[in-house]
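Next comes entry37.cif, a file with mmCIF, C-alpha atoms.
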```cif
data_protein
#
loop_
_atom_site.group_PDB
_atom_site.id
_atom_site.type_symbol
_atom_site.label_atom_id
_atom_site.label_comp_id
_atom_site.auth_asym_id
_atom_site.auth_seq_id
_atom_site.Cartn_x
_atom_site.Cartn_y
_atom_site.Cartn_z
ATOM 1 C CA MET A 45 15.116 -139.510 -53.247
ATOM 2 C CA LEU A 46 18.240 -140.150 -55.313
ATOM 3 C CA LYS A 47 20.391 -140.551 -52.203
ATOM 4 C CA LEU A 48 17.880 -143.008 -50.794
ATOM 5 C CA ALA A 49 17.789 -145.029 -54.007
ATOM 6 C CA GLU A 50 21.567 -144.998 -54.491
ATOM 7 C CA ARG A 51 22.671 -145.789 -50.956
ATOM 8 C CA TYR A 52 19.810 -147.683 -49.357
ATOM 9 C CA GLY A 53 18.204 -149.571 -52.228
ATOM 10 C CA ASN A 54 19.036 -152.879 -50.552
ATOM 11 C CA LYS A 55 17.182 -151.989 -47.315
ATOM 12 C CA PRO A 56 13.666 -153.274 -46.603
ATOM 13 C CA ALA A 57 10.835 -151.081 -47.967
ATOM 14 C CA ASP A 58 9.362 -150.445 -44.493
ATOM 15 C CA GLU A 59 12.564 -148.525 -43.524
ATOM 16 C CA TYR A 60 12.299 -146.113 -46.496
ATOM 17 C CA PRO A 61 10.113 -143.446 -44.802
ATOM 18 C CA LEU A 62 12.449 -143.062 -41.815
ATOM 19 C CA LEU A 63 15.572 -143.159 -43.986
ATOM 20 C CA PHE A 64 14.099 -140.598 -46.375
ATOM 21 C CA GLN A 65 13.165 -138.292 -43.473
ATOM 22 C CA ARG A 66 16.685 -138.489 -42.014
ATOM 23 C CA ILE A 67 18.329 -137.897 -45.429
ATOM 24 C CA LEU A 68 16.054 -134.899 -46.040
ATOM 25 C CA GLN A 69 16.789 -133.369 -42.619
ATOM 26 C CA ASN A 70 20.542 -133.793 -43.058
ATOM 27 C CA THR A 71 20.486 -132.359 -46.583
ATOM 28 C CA ILE A 72 18.569 -129.284 -45.446
ATOM 29 C CA ARG A 73 20.875 -128.814 -42.459
ATOM 30 C CA ASP A 74 23.971 -129.135 -44.720
ATOM 31 C CA HIS A 75 22.528 -126.627 -47.170
ATOM 32 C CA PHE A 76 22.012 -123.980 -44.472
ATOM 33 C CA ARG A 77 25.446 -124.629 -42.945
ATOM 34 C CA ARG A 78 27.103 -124.137 -46.334
ATOM 35 C CA GLN A 79 25.013 -121.037 -46.979
ATOM 36 C CA LYS A 80 26.050 -119.554 -43.627
ATOM 37 C CA VAL A 81 29.754 -120.164 -44.327
ATOM 38 C CA ARG A 82 29.472 -118.750 -47.868
ATOM 39 C CA SER A 83 27.654 -115.654 -46.600
ATOM 40 C CA PHE A 84 30.337 -115.097 -43.979
ATOM 41 C CA TRP A 85 33.190 -115.253 -46.483
ATOM 42 C CA THR A 86 31.290 -113.311 -49.136
ATOM 43 C CA THR A 87 30.687 -110.560 -46.598
ATOM 44 C CA LEU A 88 34.347 -110.442 -45.630
ATOM 45 C CA PHE A 89 35.582 -110.384 -49.217
ATOM 46 C CA SER A 90 32.925 -108.003 -50.535
ATOM 47 C CA SER A 91 34.568 -105.115 -48.704
ATOM 48 C CA LEU A 92 37.815 -105.751 -50.593
ATOM 49 C CA TYR A 93 36.366 -105.413 -54.095
ATOM 50 C CA PRO A 94 34.495 -102.540 -55.741
ATOM 51 C CA GLN A 95 30.773 -103.069 -56.113
ATOM 52 C CA SER A 96 29.531 -104.096 -59.563
ATOM 53 C CA ASP A 97 25.976 -103.855 -60.858
ATOM 54 C CA ALA A 98 25.429 -107.585 -60.328
ATOM 55 C CA ALA A 99 26.790 -107.444 -56.782
ATOM 56 C CA GLU A 100 24.448 -104.593 -55.868
ATOM 57 C CA GLU A 101 21.411 -106.748 -56.575
ATOM 58 C CA ASN A 102 22.416 -109.345 -53.991
ATOM 59 C CA ASP A 103 24.651 -107.518 -51.550
ATOM 60 C CA PRO A 104 25.528 -109.715 -48.564
ATOM 61 C CA LEU A 105 26.143 -106.620 -46.443
ATOM 62 C CA ASP A 106 22.400 -105.957 -46.498
ATOM 63 C CA THR A 107 21.910 -108.944 -44.200
ATOM 64 C CA LEU A 108 24.246 -107.670 -41.480
ATOM 65 C CA HIS A 109 22.631 -105.941 -38.532
ATOM 66 C CA ASP A 110 24.049 -104.057 -35.630
ATOM 67 C CA LYS A 111 22.761 -101.321 -33.360
ATOM 68 C CA ASN A 112 24.208 -98.442 -35.411
ATOM 69 C CA ASN A 113 23.487 -99.935 -38.833
ATOM 70 C CA ASN A 114 21.089 -97.901 -40.989
ATOM 71 C CA SER A 115 19.672 -101.092 -42.478
ATOM 72 C CA GLN A 116 18.000 -101.790 -39.150
ATOM 73 C CA PRO A 117 14.325 -100.875 -39.065
ATOM 74 C CA LEU A 118 13.655 -97.597 -37.309
ATOM 75 C CA GLU A 119 12.182 -97.500 -33.858
ATOM 76 C CA PRO A 120 8.462 -96.586 -33.948
ATOM 77 C CA GLU A 121 9.063 -93.052 -32.650
ATOM 78 C CA GLU A 122 11.865 -92.452 -35.174
ATOM 79 C CA ALA A 123 9.724 -93.848 -37.996
ATOM 80 C CA LEU A 124 6.881 -91.507 -37.051
ATOM 81 C CA ASP A 125 9.222 -88.496 -36.882
ATOM 82 C CA GLN A 126 10.693 -89.392 -40.255
ATOM 83 C CA ALA A 127 7.249 -89.843 -41.841
ATOM 84 C CA GLN A 128 6.094 -86.485 -40.464
ATOM 85 C CA LEU A 129 9.234 -84.756 -41.736
ATOM 86 C CA ILE A 130 8.805 -86.268 -45.199
ATOM 87 C CA ALA A 131 5.164 -85.156 -45.252
ATOM 88 C CA ARG A 132 6.200 -81.593 -44.312
ATOM 89 C CA ILE A 133 8.871 -81.554 -47.034
ATOM 90 C CA GLU A 134 6.386 -82.862 -49.633
ATOM 91 C CA LYS A 135 3.847 -80.224 -48.598
ATOM 92 C CA ALA A 136 6.461 -77.470 -48.806
ATOM 93 C CA LEU A 137 7.541 -78.717 -52.234
ATOM 94 C CA ALA A 138 3.932 -78.684 -53.439
ATOM 95 C CA GLU A 139 3.623 -75.021 -52.367
ATOM 96 C CA LEU A 140 6.597 -73.947 -54.533
ATOM 97 C CA PRO A 141 5.990 -72.374 -57.950
ATOM 98 C CA ALA A 142 6.048 -74.985 -60.718
ATOM 99 C CA ARG A 143 9.372 -73.913 -62.287
ATOM 100 C CA GLN A 144 11.165 -73.795 -58.929
ATOM 101 C CA ARG A 145 9.773 -77.208 -57.969
ATOM 102 C CA GLU A 146 10.782 -78.672 -61.333
ATOM 103 C CA ALA A 147 14.313 -77.264 -61.151
ATOM 104 C CA PHE A 148 14.755 -78.336 -57.523
ATOM 105 C CA LEU A 149 13.539 -81.893 -58.111
ATOM 106 C CA LEU A 150 15.574 -82.396 -61.273
ATOM 107 C CA ARG A 151 18.762 -81.052 -59.692
ATOM 108 C CA TYR A 152 18.587 -82.523 -56.213
ATOM 109 C CA TRP A 153 16.199 -85.491 -56.417
ATOM 110 C CA GLU A 154 17.152 -86.769 -59.874
ATOM 111 C CA GLU A 155 20.782 -85.633 -59.356
ATOM 112 C CA MET A 156 21.081 -84.016 -62.789
ATOM 113 C CA ASP A 157 23.635 -81.313 -63.507
ATOM 114 C CA THR A 158 22.622 -77.806 -64.522
ATOM 115 C CA ALA A 159 23.112 -78.459 -68.257
ATOM 116 C CA GLU A 160 20.812 -81.520 -68.218
ATOM 117 C CA THR A 161 18.230 -79.690 -66.142
ATOM 118 C CA ALA A 162 18.345 -76.658 -68.447
ATOM 119 C CA ALA A 163 17.864 -78.878 -71.509
ATOM 120 C CA ILE A 164 14.838 -80.608 -69.955
ATOM 121 C CA MET A 165 13.293 -77.364 -68.741
ATOM 122 C CA GLY A 166 14.036 -75.508 -71.978
ATOM 123 C CA CYS A 167 15.866 -72.617 -70.309
ATOM 124 C CA SER A 168 19.408 -71.433 -69.647
ATOM 125 C CA GLU A 169 21.717 -72.832 -66.984
ATOM 126 C CA GLY A 170 21.574 -69.488 -65.202
ATOM 127 C CA SER A 171 17.791 -69.789 -64.939
ATOM 128 C CA VAL A 172 18.142 -73.267 -63.470
ATOM 129 C CA LYS A 173 20.562 -71.954 -60.852
ATOM 130 C CA THR A 174 18.210 -69.085 -60.019
ATOM 131 C CA HIS A 175 15.169 -71.383 -59.719
ATOM 132 C CA CYS A 176 17.113 -73.833 -57.534
ATOM 133 C CA SER A 177 18.423 -71.091 -55.295
ATOM 134 C CA ARG A 178 14.971 -69.574 -54.843
ATOM 135 C CA ALA A 179 13.442 -73.011 -54.219
ATOM 136 C CA THR A 180 16.074 -73.848 -51.615
ATOM 137 C CA HIS A 181 15.547 -70.571 -49.764
ATOM 138 C CA ALA A 182 11.757 -70.897 -49.937
ATOM 139 C CA LEU A 183 11.899 -74.465 -48.605
ATOM 140 C CA ALA A 184 14.238 -73.430 -45.795
ATOM 141 C CA LEU A 185 11.850 -70.649 -44.800
ATOM 142 C CA LYS A 186 8.723 -72.819 -45.008
ATOM 143 C CA LEU A 187 10.257 -75.679 -43.070
ATOM 144 C CA GLY A 188 11.945 -73.339 -40.594
ATOM 145 C CA GLU A 189 8.770 -71.451 -39.743
ATOM 146 C CA LYS A 190 6.992 -74.727 -39.017
ATOM 147 C CA GLY A 191 9.643 -75.639 -36.489
ATOM 148 C CA GLY A 192 11.499 -77.812 -38.951
ATOM 149 C CA ASP A 193 14.726 -79.137 -37.556
ATOM 150 C CA LEU A 194 16.323 -80.867 -40.531
ATOM 151 C CA LYS A 195 19.097 -82.913 -39.029
#
```

Write out the structure in this file as structure tokens.
Amino acid sequence: MLKLAERYGNKPADEYPLLFQRILQNTIRDHFRRQKVRSFWTTLFSSLYPQSDAAEENDPLDTLHDKNNNSQPLEPEEALDQAQLIARIEKALAELPARQREAFLLRYWEEMDTAETAAIMGCSEGSVKTHCSRATHALALKLGEKGGDLK
């Protein structure tokens, strides 16, 4: 509206709708052209600099797609296989004793070290290592006997 008023205020009023439509179309087109160029250069330069917390929220690399890119949606068959594998892992985790499950999830899911895990569980670091080892072996057996091929 401002462009119309500034540049075409001397035109007859019956031309305003067409002028406004053309100005709006061109402004939108310019916006998307600039956005495309900025995204291209941001993507190129983002690989040169370490990622910061702010950059992770709006990472331009998330918009890139190619055949081997993991950000691509899975094919239906792959998605089904992945969902079935996750369900089998969750079921196997649920069958573990509570202390083994707790130690395993804190260490490997929450990525805590043994000292942090021991403090949360209220036991020694050696106990955490024992529980994790037993949980890992039990999961390997349970998933292996069900034909689990964990690639």

Selection near A:Tyr52, 12 Å with all atoms listed in the file, sequence-local residues under 4 positions removed, as a PyMOL selection string:
chain A and resi 45-48+56-64+67

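Restricting the calculation to only C-alpha atoms, the smallest distance between A:Gln144 and any of A:Ala127, A:Met165, A:Val81, A:Leu185 is found for A:Met165.
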
Measure the distance from atom CA of A:Arg77 to atom CA of A:Gln65 in Å and round it to one decimal.
18.4 Å

What separation in Å, quoted to one decimal, exists between atom CA of A:Thr174 and atom CA of A:Glu189?
22.5 Å

Identify which of the residues A:Asn70, A:Gln128, A:Gln79, A:Thr180 lies closest to A:Leu140, counting all atoms listed in the file when measuring atom-to-atom distances.
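Result for the nearest residue to A:Leu140: A:Thr180.
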
Go ahead and compute the interatomic distance for atom CA of A:Ala182 and atom CA of A:Tyr152, in Å to one decimal.
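It comes out at 14.9 Å.
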
Best match for closeness to A:Arg178 among A:Arg151, A:Arg145, A:Lys80, A:Arg73, counting all atoms listed in the file
A:Arg145

I'd like the contact shell of A:Arg132 - 10 Å cut-off, all atoms listed in the file, skipping same-chain residues fewer than 3 positions apart - returned as a PyMOL selection string.
chain A and resi 126-129+135-138+186-187+190+192

Would you mind listing what lies within 7 Å of stretch 147-150 of chain A as a ChimeraX atom specification, with only C-alpha atoms counted and same-chain residues fewer than 6 positions away left out?
/A:156,161,172,175-176,179
